[in-house]
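The structure under discussion appears below in the form of C-alpha cells.
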Number of protein chains: 2
Amino acid sequence: MRAEELKGHLDALLLAALEDGPRHGYAVIEALRQATGGRLELPTGTIYPALRRLEQAGLITGSWSVVAGRRRRDYQLTPGGARALSGKRSAWRDFSATISAALEGRPCPEPA
Amino acid sequence: MRAEELKGHLDALLLAALEDGPRHGYAVIEALRQATGGRLELPTGTIYPALRRLEQAGLITGSWSVVAGRRRRDYQLTPGGARALSGKRSAWRDFSATISAALEGRPCPEPA
DNA sequence: CACTATGCGTAGCATTACTACTTATAGAAC
DNA sequence: GTTCTATAAGTAGTAATGCTACGCATAGTG
C-alpha cells in the first residue's frame, strides 16, 4: 500500500510505534511493517524528516547511541507525545467513522 | 471536524455524493454534511476546485442550468467515475484497516 | 436598504509525503 | 580485495491537495 494518502495521519503512526518503548528510525519502519502485515512500507525519506518534526514539536526526544559500530538515534515519547497520541487515536476513530459513513452509510464495517 | 486530514480521500467522498444522482456543488456540501451527521463541513474553496479536477479527469460531467434565477452546475458520475468510486471504496477499506491495525493492533474496532 | 441564504469561482498559501540522492559501517559472497 | 546486501541516518527538491480569504451574483425577508 502506498502511503500517499497518509497525509495527516503519519504522526499518529509514528507515536504509536514508540508507545512500547524507545526505537530508532529504522526500527520504526520495521515495527510499522510488522504491525500492518507488510501493508505499510514507509520510505526513509518519509520517516526521518517526520521524526525530526515530532522532536521539534516536543512530542518525542531523541538521543544518539552507537550499536555495532553504527550510530543510531533512539526516540522516545514525551508526556506531551503520549497525550498527543491519545488525542490522535480518538481523532482517527472520529475521522474513520465519518469517512466510512459518507462512503458507505455505516460507521464501520464489521469483519465477517 | 476539520477536513485537513482528508488529503487523498476527498475525491471518493465527492464521487459517493453523486452516486444517487446528479447534484450541484452546493448540494454536494449539504449531502455530505447530512451523511455524516454534521461532522463534515466542506468549505466551498475545497469542493469547487475538486469538482473541476474530477471533471477534467473524466470521472464526472457537468452541465449548467438555471433554477430560480440562479445558475447551477450539475455534476453526474461517468461510467469511469463509477468504476473509480468502487476502487476508491475498497482502497479506503484497506487504508482504514491498515491504519487501525497500526494504531490499535486490530483491523477495525467493533461497535459495542 | 441591509442582511441572509443560495450559488460559483479564483489566487495564493501551507502542509506534508515522495523521489532520488548522499554518507557510513559490517558482514557475506566471490 | 572488491562487490553486494543489510543496517542506519539524512537532505534537497518536487508535487499534490485542501484551506483561507476573497469576489461576483440573485432572491427573499426584515
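Here, A, B, ... name the chains of the C-alpha cells in the order displayed, residue numbers run from 1 inside each chain, and ligands are numbered from 1 in the same displayed order.
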
Polymer residues at most 10 Å from stretch 12-19 of chain D, only C-alpha atoms (C1' of nucleotides), same-chain spacing of 2 or more positions, as a short mmCIF file (atom, residue, chain, number, x, y, z; two decimals) with C-alpha atoms (C1' of nucleotides), in the first residue's frame:
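Output below, filename result.cif:
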```cif
data_model
loop_
_atom_site.label_atom_id
_atom_site.label_comp_id
_atom_site.auth_asym_id
_atom_site.auth_seq_id
_atom_site.Cartn_x
_atom_site.Cartn_y
_atom_site.Cartn_z
CA GLU A 4 0.45 8.77 -0.22
CA LYS A 7 -1.41 12.95 4.92
CA ALA B 3 -11.19 18.21 6.74
CA GLU B 4 -7.46 18.88 6.77
CA GLU B 5 -6.67 15.19 7.05
CA LEU B 6 -8.81 14.35 4.06
CA LYS B 7 -5.84 14.51 1.71
CA GLY B 8 -6.43 11.88 -0.91
CA LEU B 10 -11.93 13.83 -0.79
CA LEU B 42 -16.53 21.25 3.50
CA PRO B 43 -15.73 24.87 2.56
CA GLY B 45 -13.00 26.67 -1.69
CA THR B 46 -12.37 22.99 -1.23
CA ILE B 47 -15.13 21.40 -3.26
CA PRO B 49 -11.82 23.15 -7.39
CA ALA B 50 -12.11 19.46 -6.54
"C1'" DC C 13 -0.73 29.60 0.92
"C1'" DA C 14 0.74 25.78 3.90
"C1'" DT C 15 1.37 21.26 4.90
"C1'" DT C 16 3.31 17.07 4.06
"C1'" DA C 17 4.71 12.78 1.92
"C1'" DC C 18 7.51 11.39 -2.03
"C1'" DT C 19 11.65 10.51 -5.19
"C1'" DA C 20 16.33 10.46 -5.62
"C1'" DC C 21 20.33 11.13 -3.79
"C1'" DA D 21 -9.90 34.81 2.15
#
```

* To do: Write out as a PyMOL selection string which residues come within 7 Å of B:Leu13 when counting only C-alpha atoms (C1' of nucleotides), dropping same-chain ones fewer than 3 positions away.
  => (chain A and resi 102-103) or (chain B and resi 9-10+16-17)

Dump as a CSV table (one decimal), in the first residue's frame, selection limited to all heavy atoms:
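And here is the file that came out, again_15.csv:
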```csv
chain,number,residue,atom,x,y,z
A,102,ALA,N,-19.8,8.5,5.2
A,102,ALA,CA,-20.1,9.2,4.0
A,102,ALA,C,-19.9,8.3,2.8
A,102,ALA,O,-20.6,8.4,1.8
A,102,ALA,CB,-19.1,10.4,3.8
A,103,LEU,N,-19.0,7.3,2.9
A,103,LEU,CA,-18.8,6.4,1.8
A,103,LEU,C,-19.7,5.3,1.7
A,103,LEU,O,-20.1,4.8,0.6
A,103,LEU,CB,-17.3,5.9,1.9
A,103,LEU,CG,-16.2,6.7,1.2
A,103,LEU,CD1,-14.9,5.9,1.3
A,103,LEU,CD2,-16.6,7.0,-0.2
B,9,HIS,N,-8.6,11.5,0.1
B,9,HIS,CA,-9.9,10.8,0.2
B,9,HIS,C,-11.1,11.6,-0.2
B,9,HIS,O,-12.2,11.1,-0.3
B,9,HIS,CB,-10.0,10.4,1.7
B,9,HIS,CG,-8.9,9.6,2.2
B,9,HIS,ND1,-8.6,8.3,1.7
B,9,HIS,CD2,-7.9,9.9,3.0
B,9,HIS,CE1,-7.5,7.9,2.3
B,9,HIS,NE2,-7.0,8.8,3.1
B,10,LEU,N,-10.8,12.9,-0.4
B,10,LEU,CA,-11.9,13.8,-0.8
B,10,LEU,C,-12.6,13.4,-2.1
B,10,LEU,O,-13.8,13.4,-2.2
B,10,LEU,CB,-11.4,15.3,-1.0
B,10,LEU,CG,-12.4,16.3,-1.4
B,10,LEU,CD1,-13.5,16.5,-0.4
B,10,LEU,CD2,-11.7,17.6,-1.7
B,16,ALA,N,-19.0,9.6,-4.2
B,16,ALA,CA,-20.0,8.9,-3.4
B,16,ALA,C,-21.3,9.8,-3.3
B,16,ALA,O,-22.4,9.3,-3.4
B,16,ALA,CB,-19.5,8.5,-2.0
B,17,ALA,N,-21.1,11.1,-3.2
B,17,ALA,CA,-22.2,12.0,-3.0
B,17,ALA,C,-23.0,12.2,-4.3
B,17,ALA,O,-24.1,12.6,-4.3
B,17,ALA,CB,-21.7,13.4,-2.6
```

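Note that the spacing between atom C1' of C:DT10 and atom C1' of D:DA25 amounts to 15.1 Å.
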
D:DA9 surroundings by only C-alpha atoms (C1' of nucleotides), 12 Å radius, close-in-sequence under 4 positions cut, as a PDB file with C-alpha atoms (C1' of nucleotides), in the first residue's frame:
```pdb
ATOM      1  CA  HIS A  24      15.296   4.302  16.257  1.00  0.00           C
ATOM      2  CA  GLY A  25      14.033   5.295  12.830  1.00  0.00           C
ATOM      3  CA  TYR A  26      14.918   2.108  11.029  1.00  0.00           C
ATOM      4  CA  THR A  44      13.238   6.512   4.863  1.00  0.00           C
ATOM      5  CA  GLY A  45      12.731   9.879   3.190  1.00  0.00           C
ATOM      6  CA  ILE A  47      10.031   8.942   8.368  1.00  0.00           C
ATOM      7  CA  TYR A  48      13.333  10.657   9.139  1.00  0.00           C
ATOM      8  CA  PRO A  49      12.016  14.143   8.440  1.00  0.00           C
ATOM      9  CA  LEU A  51      10.635  12.119  13.345  1.00  0.00           C
ATOM     10  CA  ARG A  52      12.510  15.415  13.376  1.00  0.00           C
ATOM     11  CA  TRP A  64      22.400   9.240  19.858  1.00  0.00           C
ATOM     12  CA  ARG A  70      26.633   2.146  13.584  1.00  0.00           C
ATOM     13  CA  ARG A  71      25.201   5.295  15.041  1.00  0.00           C
ATOM     14  CA  ARG A  72      21.549   5.363  15.946  1.00  0.00           C
ATOM     15  CA  ARG A  73      19.121   7.999  17.059  1.00  0.00           C
ATOM     16  CA  ASP A  74      16.712   6.499  19.549  1.00  0.00           C
TER      17      ASP A  74
ATOM     18  C1'  DT C  22      24.468  11.091  -0.286  1.00  0.00           C
ATOM     19  C1'  DT C  23      27.143   9.235   3.588  1.00  0.00           C
ATOM     20  C1'  DA C  24      28.740   5.429   6.506  1.00  0.00           C
ATOM     21  C1'  DT C  25      29.711   0.663   8.789  1.00  0.00           C
TER      22       DT C  25
END
```

Could you pull out the residues in stretch 41-85 of chain A that DSSP calls strand (DSSP E or B) from the backbone, as a PDB file with all heavy atoms, in the first residue's frame?
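Generated output (part28.pdb):
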```
ATOM      1  N   ILE A  60       8.426  13.883  20.979  1.00  0.00           N
ATOM      2  CA  ILE A  60       9.389  12.815  21.221  1.00  0.00           C
ATOM      3  C   ILE A  60      10.751  13.459  21.502  1.00  0.00           C
ATOM      4  O   ILE A  60      10.973  14.612  21.148  1.00  0.00           O
ATOM      5  CB  ILE A  60       9.523  11.842  20.027  1.00  0.00           C
ATOM      6  CG1 ILE A  60      10.012  12.577  18.779  1.00  0.00           C
ATOM      7  CG2 ILE A  60       8.183  11.176  19.715  1.00  0.00           C
ATOM      8  CD1 ILE A  60      10.158  11.691  17.548  1.00  0.00           C
ATOM      9  N   THR A  61      11.629  12.689  22.157  1.00  0.00           N
ATOM     10  CA  THR A  61      13.000  13.156  22.336  1.00  0.00           C
ATOM     11  C   THR A  61      13.943  12.102  21.778  1.00  0.00           C
ATOM     12  O   THR A  61      13.687  10.908  21.903  1.00  0.00           O
ATOM     13  CB  THR A  61      13.338  13.385  23.814  1.00  0.00           C
ATOM     14  OG1 THR A  61      13.022  12.199  24.542  1.00  0.00           O
ATOM     15  CG2 THR A  61      12.552  14.548  24.381  1.00  0.00           C
ATOM     16  N   GLY A  62      15.021  12.575  21.182  1.00  0.00           N
ATOM     17  CA  GLY A  62      15.966  11.659  20.572  1.00  0.00           C
ATOM     18  C   GLY A  62      17.318  11.726  21.247  1.00  0.00           C
ATOM     19  O   GLY A  62      17.690  12.751  21.811  1.00  0.00           O
ATOM     20  N   SER A  63      18.035  10.594  21.206  1.00  0.00           N
ATOM     21  CA  SER A  63      19.406  10.598  21.733  1.00  0.00           C
ATOM     22  C   SER A  63      20.255   9.642  20.906  1.00  0.00           C
ATOM     23  O   SER A  63      19.789   8.581  20.492  1.00  0.00           O
ATOM     24  CB  SER A  63      19.397  10.172  23.201  1.00  0.00           C
ATOM     25  OG  SER A  63      18.877   8.871  23.314  1.00  0.00           O
ATOM     26  N   TRP A  64      21.515  10.047  20.677  1.00  0.00           N
ATOM     27  CA  TRP A  64      22.400   9.240  19.858  1.00  0.00           C
ATOM     28  C   TRP A  64      22.995   8.093  20.654  1.00  0.00           C
ATOM     29  O   TRP A  64      23.258   8.236  21.855  1.00  0.00           O
ATOM     30  CB  TRP A  64      23.547  10.095  19.313  1.00  0.00           C
ATOM     31  CG  TRP A  64      23.107  11.034  18.232  1.00  0.00           C
ATOM     32  CD1 TRP A  64      22.949  12.380  18.335  1.00  0.00           C
ATOM     33  CD2 TRP A  64      22.769  10.694  16.888  1.00  0.00           C
ATOM     34  NE1 TRP A  64      22.519  12.903  17.135  1.00  0.00           N
ATOM     35  CE2 TRP A  64      22.412  11.886  16.222  1.00  0.00           C
ATOM     36  CE3 TRP A  64      22.722   9.501  16.180  1.00  0.00           C
ATOM     37  CZ2 TRP A  64      22.020  11.920  14.885  1.00  0.00           C
ATOM     38  CZ3 TRP A  64      22.335   9.524  14.852  1.00  0.00           C
ATOM     39  CH2 TRP A  64      21.992  10.731  14.218  1.00  0.00           C
ATOM     40  N   SER A  65      23.182   7.000  19.975  1.00  0.00           N
ATOM     41  CA  SER A  65      23.936   5.898  20.570  1.00  0.00           C
ATOM     42  C   SER A  65      24.670   5.177  19.438  1.00  0.00           C
ATOM     43  O   SER A  65      24.400   5.428  18.266  1.00  0.00           O
ATOM     44  CB  SER A  65      22.998   4.924  21.306  1.00  0.00           C
ATOM     45  OG  SER A  65      22.144   4.289  20.382  1.00  0.00           O
ATOM     46  N   VAL A  66      25.598   4.309  19.794  1.00  0.00           N
ATOM     47  CA  VAL A  66      26.321   3.552  18.784  1.00  0.00           C
ATOM     48  C   VAL A  66      26.164   2.073  19.088  1.00  0.00           C
ATOM     49  O   VAL A  66      26.482   1.616  20.189  1.00  0.00           O
ATOM     50  CB  VAL A  66      27.813   3.932  18.738  1.00  0.00           C
ATOM     51  CG1 VAL A  66      28.551   3.023  17.778  1.00  0.00           C
ATOM     52  CG2 VAL A  66      27.975   5.388  18.327  1.00  0.00           C
ATOM     53  N   VAL A  67      25.640   1.329  18.146  1.00  0.00           N
ATOM     54  CA  VAL A  67      25.436  -0.103  18.307  1.00  0.00           C
ATOM     55  C   VAL A  67      26.074  -0.809  17.125  1.00  0.00           C
ATOM     56  O   VAL A  67      25.760  -0.509  15.972  1.00  0.00           O
ATOM     57  CB  VAL A  67      23.934  -0.445  18.374  1.00  0.00           C
ATOM     58  CG1 VAL A  67      23.744  -1.958  18.412  1.00  0.00           C
ATOM     59  CG2 VAL A  67      23.277   0.217  19.579  1.00  0.00           C
ATOM     60  N   ARG A  70      27.516   1.235  14.330  1.00  0.00           N
ATOM     61  CA  ARG A  70      26.633   2.146  13.584  1.00  0.00           C
ATOM     62  C   ARG A  70      25.925   3.076  14.552  1.00  0.00           C
ATOM     63  O   ARG A  70      25.426   2.660  15.583  1.00  0.00           O
ATOM     64  CB  ARG A  70      25.592   1.371  12.792  1.00  0.00           C
ATOM     65  CG  ARG A  70      26.198   0.524  11.699  1.00  0.00           C
ATOM     66  CD  ARG A  70      25.105  -0.056  10.850  1.00  0.00           C
ATOM     67  NE  ARG A  70      25.551  -1.273  10.209  1.00  0.00           N
ATOM     68  CZ  ARG A  70      25.422  -2.489  10.731  1.00  0.00           C
ATOM     69  NH1 ARG A  70      24.855  -2.645  11.904  1.00  0.00           N
ATOM     70  NH2 ARG A  70      25.868  -3.535  10.080  1.00  0.00           N
ATOM     71  N   ARG A  71      25.874   4.326  14.173  1.00  0.00           N
ATOM     72  CA  ARG A  71      25.201   5.295  15.041  1.00  0.00           C
ATOM     73  C   ARG A  71      23.696   5.186  14.849  1.00  0.00           C
ATOM     74  O   ARG A  71      23.204   4.899  13.763  1.00  0.00           O
ATOM     75  CB  ARG A  71      25.666   6.717  14.725  1.00  0.00           C
ATOM     76  CG  ARG A  71      25.381   7.129  13.315  1.00  0.00           C
ATOM     77  CD  ARG A  71      25.672   8.597  13.059  1.00  0.00           C
ATOM     78  NE  ARG A  71      25.008   9.010  11.817  1.00  0.00           N
ATOM     79  CZ  ARG A  71      24.643  10.241  11.562  1.00  0.00           C
ATOM     80  NH1 ARG A  71      24.878  11.196  12.432  1.00  0.00           N
ATOM     81  NH2 ARG A  71      24.030  10.532  10.439  1.00  0.00           N
ATOM     82  N   ARG A  72      22.999   5.404  15.937  1.00  0.00           N
ATOM     83  CA  ARG A  72      21.549   5.363  15.946  1.00  0.00           C
ATOM     84  C   ARG A  72      21.026   6.595  16.656  1.00  0.00           C
ATOM     85  O   ARG A  72      21.677   7.132  17.541  1.00  0.00           O
ATOM     86  CB  ARG A  72      21.050   4.176  16.760  1.00  0.00           C
ATOM     87  CG  ARG A  72      21.145   2.873  16.108  1.00  0.00           C
ATOM     88  CD  ARG A  72      20.561   1.864  17.061  1.00  0.00           C
ATOM     89  NE  ARG A  72      20.594   0.539  16.459  1.00  0.00           N
ATOM     90  CZ  ARG A  72      20.191  -0.552  17.090  1.00  0.00           C
ATOM     91  NH1 ARG A  72      19.751  -0.455  18.332  1.00  0.00           N
ATOM     92  NH2 ARG A  72      20.228  -1.711  16.491  1.00  0.00           N
ATOM     93  N   ARG A  73      19.819   6.982  16.280  1.00  0.00           N
ATOM     94  CA  ARG A  73      19.121   7.999  17.059  1.00  0.00           C
ATOM     95  C   ARG A  73      17.855   7.364  17.608  1.00  0.00           C
ATOM     96  O   ARG A  73      16.916   7.064  16.875  1.00  0.00           O
ATOM     97  CB  ARG A  73      18.790   9.220  16.220  1.00  0.00           C
ATOM     98  CG  ARG A  73      18.272  10.377  17.066  1.00  0.00           C
ATOM     99  CD  ARG A  73      18.612  11.735  16.475  1.00  0.00           C
ATOM    100  NE  ARG A  73      18.096  12.828  17.290  1.00  0.00           N
ATOM    101  CZ  ARG A  73      18.754  13.373  18.299  1.00  0.00           C
ATOM    102  NH1 ARG A  73      19.946  12.936  18.625  1.00  0.00           N
ATOM    103  NH2 ARG A  73      18.223  14.364  18.999  1.00  0.00           N
ATOM    104  N   ASP A  74      17.864   7.128  18.902  1.00  0.00           N
ATOM    105  CA  ASP A  74      16.712   6.499  19.549  1.00  0.00           C
ATOM    106  C   ASP A  74      15.743   7.569  20.029  1.00  0.00           C
ATOM    107  O   ASP A  74      16.125   8.554  20.658  1.00  0.00           O
ATOM    108  CB  ASP A  74      17.183   5.658  20.751  1.00  0.00           C
ATOM    109  CG  ASP A  74      17.967   4.439  20.299  1.00  0.00           C
ATOM    110  OD1 ASP A  74      17.363   3.590  19.631  1.00  0.00           O
ATOM    111  OD2 ASP A  74      19.180   4.363  20.597  1.00  0.00           O
ATOM    112  N   TYR A  75      14.493   7.336  19.703  1.00  0.00           N
ATOM    113  CA  TYR A  75      13.450   8.298  20.083  1.00  0.00           C
ATOM    114  C   TYR A  75      12.535   7.665  21.120  1.00  0.00           C
ATOM    115  O   TYR A  75      12.251   6.474  21.067  1.00  0.00           O
ATOM    116  CB  TYR A  75      12.615   8.674  18.864  1.00  0.00           C
ATOM    117  CG  TYR A  75      13.358   9.505  17.849  1.00  0.00           C
ATOM    118  CD1 TYR A  75      13.866   8.935  16.698  1.00  0.00           C
ATOM    119  CD2 TYR A  75      13.537  10.880  18.053  1.00  0.00           C
ATOM    120  CE1 TYR A  75      14.544   9.698  15.757  1.00  0.00           C
ATOM    121  CE2 TYR A  75      14.218  11.645  17.120  1.00  0.00           C
ATOM    122  CZ  TYR A  75      14.713  11.049  15.972  1.00  0.00           C
ATOM    123  OH  TYR A  75      15.384  11.807  15.044  1.00  0.00           O
ATOM    124  N   GLN A  76      12.052   8.511  22.031  1.00  0.00           N
ATOM    125  CA  GLN A  76      11.015   8.023  22.936  1.00  0.00           C
ATOM    126  C   GLN A  76       9.958   9.102  23.141  1.00  0.00           C
ATOM    127  O   GLN A  76      10.215  10.297  22.985  1.00  0.00           O
ATOM    128  CB  GLN A  76      11.606   7.583  24.270  1.00  0.00           C
ATOM    129  CG  GLN A  76      12.278   8.679  25.067  1.00  0.00           C
ATOM    130  CD  GLN A  76      12.770   8.158  26.410  1.00  0.00           C
ATOM    131  OE1 GLN A  76      12.138   7.305  27.028  1.00  0.00           O
ATOM    132  NE2 GLN A  76      13.900   8.670  26.861  1.00  0.00           N
ATOM    133  N   LEU A  77       8.762   8.646  23.489  1.00  0.00           N
ATOM    134  CA  LEU A  77       7.637   9.553  23.706  1.00  0.00           C
ATOM    135  C   LEU A  77       7.899  10.461  24.896  1.00  0.00           C
ATOM    136  O   LEU A  77       8.423  10.019  25.914  1.00  0.00           O
ATOM    137  CB  LEU A  77       6.355   8.769  23.991  1.00  0.00           C
ATOM    138  CG  LEU A  77       5.626   8.113  22.828  1.00  0.00           C
ATOM    139  CD1 LEU A  77       4.330   7.484  23.339  1.00  0.00           C
ATOM    140  CD2 LEU A  77       5.314   9.136  21.755  1.00  0.00           C
TER     141      LEU A  77
END
```

* Choose the residue, out of A:Ala84, A:Ala35, A:Asp11, A:Arg89, that has the smallest atom-to-atom separation from chain C; count only C-alpha atoms (C1' of nucleotides). => A:Asp11

* **Length of the atom CA of A:Thr98 to atom CA of B:Thr36 vector [Å]** => 5.7 Å

Pick out the chain C residues within 8 Å of chain B. Count only C-alpha atoms (C1' of nucleotides). Give them as an mmCIF file with all heavy atoms, in the first residue's frame.
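Generated file (out04.cif):
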```
data_model
loop_
_atom_site.group_PDB
_atom_site.id
_atom_site.type_symbol
_atom_site.label_atom_id
_atom_site.label_comp_id
_atom_site.auth_asym_id
_atom_site.auth_seq_id
_atom_site.Cartn_x
_atom_site.Cartn_y
_atom_site.Cartn_z
ATOM 1 P P DG C 7 -29.257 26.631 -4.242
ATOM 2 O OP1 DG C 7 -30.182 26.584 -5.394
ATOM 3 O OP2 DG C 7 -29.200 25.511 -3.301
ATOM 4 O "O5'" DG C 7 -27.770 26.939 -4.743
ATOM 5 C "C5'" DG C 7 -27.589 27.490 -6.044
ATOM 6 C "C4'" DG C 7 -26.238 28.070 -6.265
ATOM 7 O "O4'" DG C 7 -25.929 29.158 -5.370
ATOM 8 C "C3'" DG C 7 -25.006 27.190 -6.094
ATOM 9 O "O3'" DG C 7 -24.783 26.446 -7.291
ATOM 10 C "C2'" DG C 7 -23.883 28.198 -5.844
ATOM 11 C "C1'" DG C 7 -24.614 29.531 -5.733
ATOM 12 N N9 DG C 7 -23.999 30.398 -4.741
ATOM 13 C C8 DG C 7 -23.933 30.238 -3.381
ATOM 14 N N7 DG C 7 -23.256 31.176 -2.775
ATOM 15 C C5 DG C 7 -22.836 32.009 -3.799
ATOM 16 C C6 DG C 7 -22.063 33.195 -3.756
ATOM 17 O O6 DG C 7 -21.562 33.764 -2.782
ATOM 18 N N1 DG C 7 -21.868 33.727 -5.025
ATOM 19 C C2 DG C 7 -22.361 33.178 -6.193
ATOM 20 N N2 DG C 7 -22.091 33.829 -7.328
ATOM 21 N N3 DG C 7 -23.090 32.086 -6.248
ATOM 22 C C4 DG C 7 -23.295 31.545 -5.018
ATOM 23 P P DC C 8 -23.418 25.648 -7.524
ATOM 24 O OP1 DC C 8 -23.673 24.734 -8.643
ATOM 25 O OP2 DC C 8 -22.962 25.147 -6.226
ATOM 26 O "O5'" DC C 8 -22.383 26.750 -8.040
ATOM 27 C "C5'" DC C 8 -22.616 27.407 -9.283
ATOM 28 C "C4'" DC C 8 -21.447 28.313 -9.611
ATOM 29 O "O4'" DC C 8 -21.348 29.321 -8.589
ATOM 30 C "C3'" DC C 8 -20.113 27.583 -9.615
ATOM 31 O "O3'" DC C 8 -19.559 27.600 -10.926
ATOM 32 C "C2'" DC C 8 -19.241 28.330 -8.625
ATOM 33 C "C1'" DC C 8 -19.994 29.628 -8.383
ATOM 34 N N1 DC C 8 -19.822 30.102 -6.979
ATOM 35 C C2 DC C 8 -19.166 31.310 -6.751
ATOM 36 O O2 DC C 8 -18.780 31.979 -7.717
ATOM 37 N N3 DC C 8 -18.977 31.728 -5.472
ATOM 38 C C4 DC C 8 -19.419 30.980 -4.461
ATOM 39 N N4 DC C 8 -19.217 31.426 -3.213
ATOM 40 C C5 DC C 8 -20.110 29.746 -4.669
ATOM 41 C C6 DC C 8 -20.285 29.342 -5.939
ATOM 42 P P DG C 9 -18.256 26.742 -11.257
ATOM 43 O OP1 DG C 9 -18.142 26.606 -12.717
ATOM 44 O OP2 DG C 9 -18.243 25.563 -10.391
ATOM 45 O "O5'" DG C 9 -17.095 27.709 -10.746
ATOM 46 C "C5'" DG C 9 -16.940 28.957 -11.411
ATOM 47 C "C4'" DG C 9 -16.000 29.845 -10.650
ATOM 48 O "O4'" DG C 9 -16.506 30.118 -9.334
ATOM 49 C "C3'" DG C 9 -14.638 29.244 -10.352
ATOM 50 O "O3'" DG C 9 -13.780 29.436 -11.481
ATOM 51 C "C2'" DG C 9 -14.152 30.092 -9.175
ATOM 52 C "C1'" DG C 9 -15.435 30.718 -8.630
ATOM 53 N N9 DG C 9 -15.605 30.488 -7.200
ATOM 54 C C8 DG C 9 -16.278 29.481 -6.563
ATOM 55 N N7 DG C 9 -16.248 29.570 -5.268
ATOM 56 C C5 DG C 9 -15.499 30.718 -5.024
ATOM 57 C C6 DG C 9 -15.126 31.334 -3.800
ATOM 58 O O6 DG C 9 -15.377 30.963 -2.637
ATOM 59 N N1 DG C 9 -14.360 32.478 -4.023
ATOM 60 C C2 DG C 9 -14.013 32.976 -5.242
ATOM 61 N N2 DG C 9 -13.284 34.074 -5.246
ATOM 62 N N3 DG C 9 -14.372 32.417 -6.396
ATOM 63 C C4 DG C 9 -15.103 31.295 -6.209
#
```

* To do: Please run DSSP on the backbone and report, as an MDAnalysis selection string, all residues within chain B that come out as alpha helix (DSSP H).
  => chainID B and resid 10:17 25:35 44:56 79:104

* To do: Kindly determine which residues of chain D lie within 8 Å of chain A, considering only C-alpha atoms (C1' of nucleotides), and give the answer as an NGL selection string.
  => :D and (7-10)

Would you mind exporting the chosen residues as a PDB file, in the first residue's frame, restricted to N, CA and C atoms (P, O5', C5', C4', C3', O3' and C1' of nucleotides)?
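See selection_28.pdb below for the written result:
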```pdb
ATOM      1  P    DT D   7      18.351  -5.609   7.801  1.00  0.00           P
ATOM      2  O5'  DT D   7      19.257  -4.445   8.420  1.00  0.00           O
ATOM      3  C5'  DT D   7      20.317  -4.794   9.286  1.00  0.00           C
ATOM      4  C4'  DT D   7      21.141  -3.579   9.632  1.00  0.00           C
ATOM      5  C3'  DT D   7      20.357  -2.453  10.314  1.00  0.00           C
ATOM      6  O3'  DT D   7      20.988  -2.148  11.541  1.00  0.00           O
ATOM      7  C1'  DT D   7      21.713  -1.602   8.581  1.00  0.00           C
ATOM      8  P    DA D   8      20.201  -1.345  12.641  1.00  0.00           P
ATOM      9  O5'  DA D   8      20.197   0.150  12.088  1.00  0.00           O
ATOM     10  C5'  DA D   8      21.204   1.064  12.522  1.00  0.00           C
ATOM     11  C4'  DA D   8      21.225   2.339  11.736  1.00  0.00           C
ATOM     12  C3'  DA D   8      19.923   3.148  11.587  1.00  0.00           C
ATOM     13  O3'  DA D   8      19.792   4.037  12.697  1.00  0.00           O
ATOM     14  C1'  DA D   8      21.446   3.373   9.732  1.00  0.00           C
ATOM     15  P    DA D   9      18.664   5.132  12.714  1.00  0.00           P
ATOM     16  O5'  DA D   9      19.254   6.328  11.832  1.00  0.00           O
ATOM     17  C5'  DA D   9      20.417   7.011  12.299  1.00  0.00           C
ATOM     18  C4'  DA D   9      20.799   8.101  11.338  1.00  0.00           C
ATOM     19  C3'  DA D   9      19.693   9.137  11.127  1.00  0.00           C
ATOM     20  O3'  DA D   9      20.095  10.386  11.676  1.00  0.00           O
ATOM     21  C1'  DA D   9      20.721   8.471   9.055  1.00  0.00           C
ATOM     22  P    DG D  10      19.003  11.540  11.822  1.00  0.00           P
ATOM     23  O5'  DG D  10      19.037  12.208  10.372  1.00  0.00           O
ATOM     24  C5'  DG D  10      20.201  12.910  10.030  1.00  0.00           C
ATOM     25  C4'  DG D  10      20.290  13.124   8.550  1.00  0.00           C
ATOM     26  C3'  DG D  10      19.221  14.029   7.955  1.00  0.00           C
ATOM     27  O3'  DG D  10      19.556  15.380   8.182  1.00  0.00           O
ATOM     28  C1'  DG D  10      19.990  12.315   6.463  1.00  0.00           C
TER      29       DG D  10
END
```

For C:DC3, please output as a CSV table (one decimal) with C-alpha atoms (C1' of nucleotides), in the first residue's frame all residues within 10 Å (counting only C-alpha atoms (C1' of nucleotides); exclusion window: fewer than 2 positions along the same chain).
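The result, written out as part36.csv:
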```csv
chain,number,residue,atom,x,y,z
C,1,DC,C1',-31.9,49.2,2.2
C,5,DA,C1',-29.2,32.1,2.1
D,29,DT,C1',-37.0,38.9,4.3
D,30,DG,C1',-37.0,42.4,7.7
```
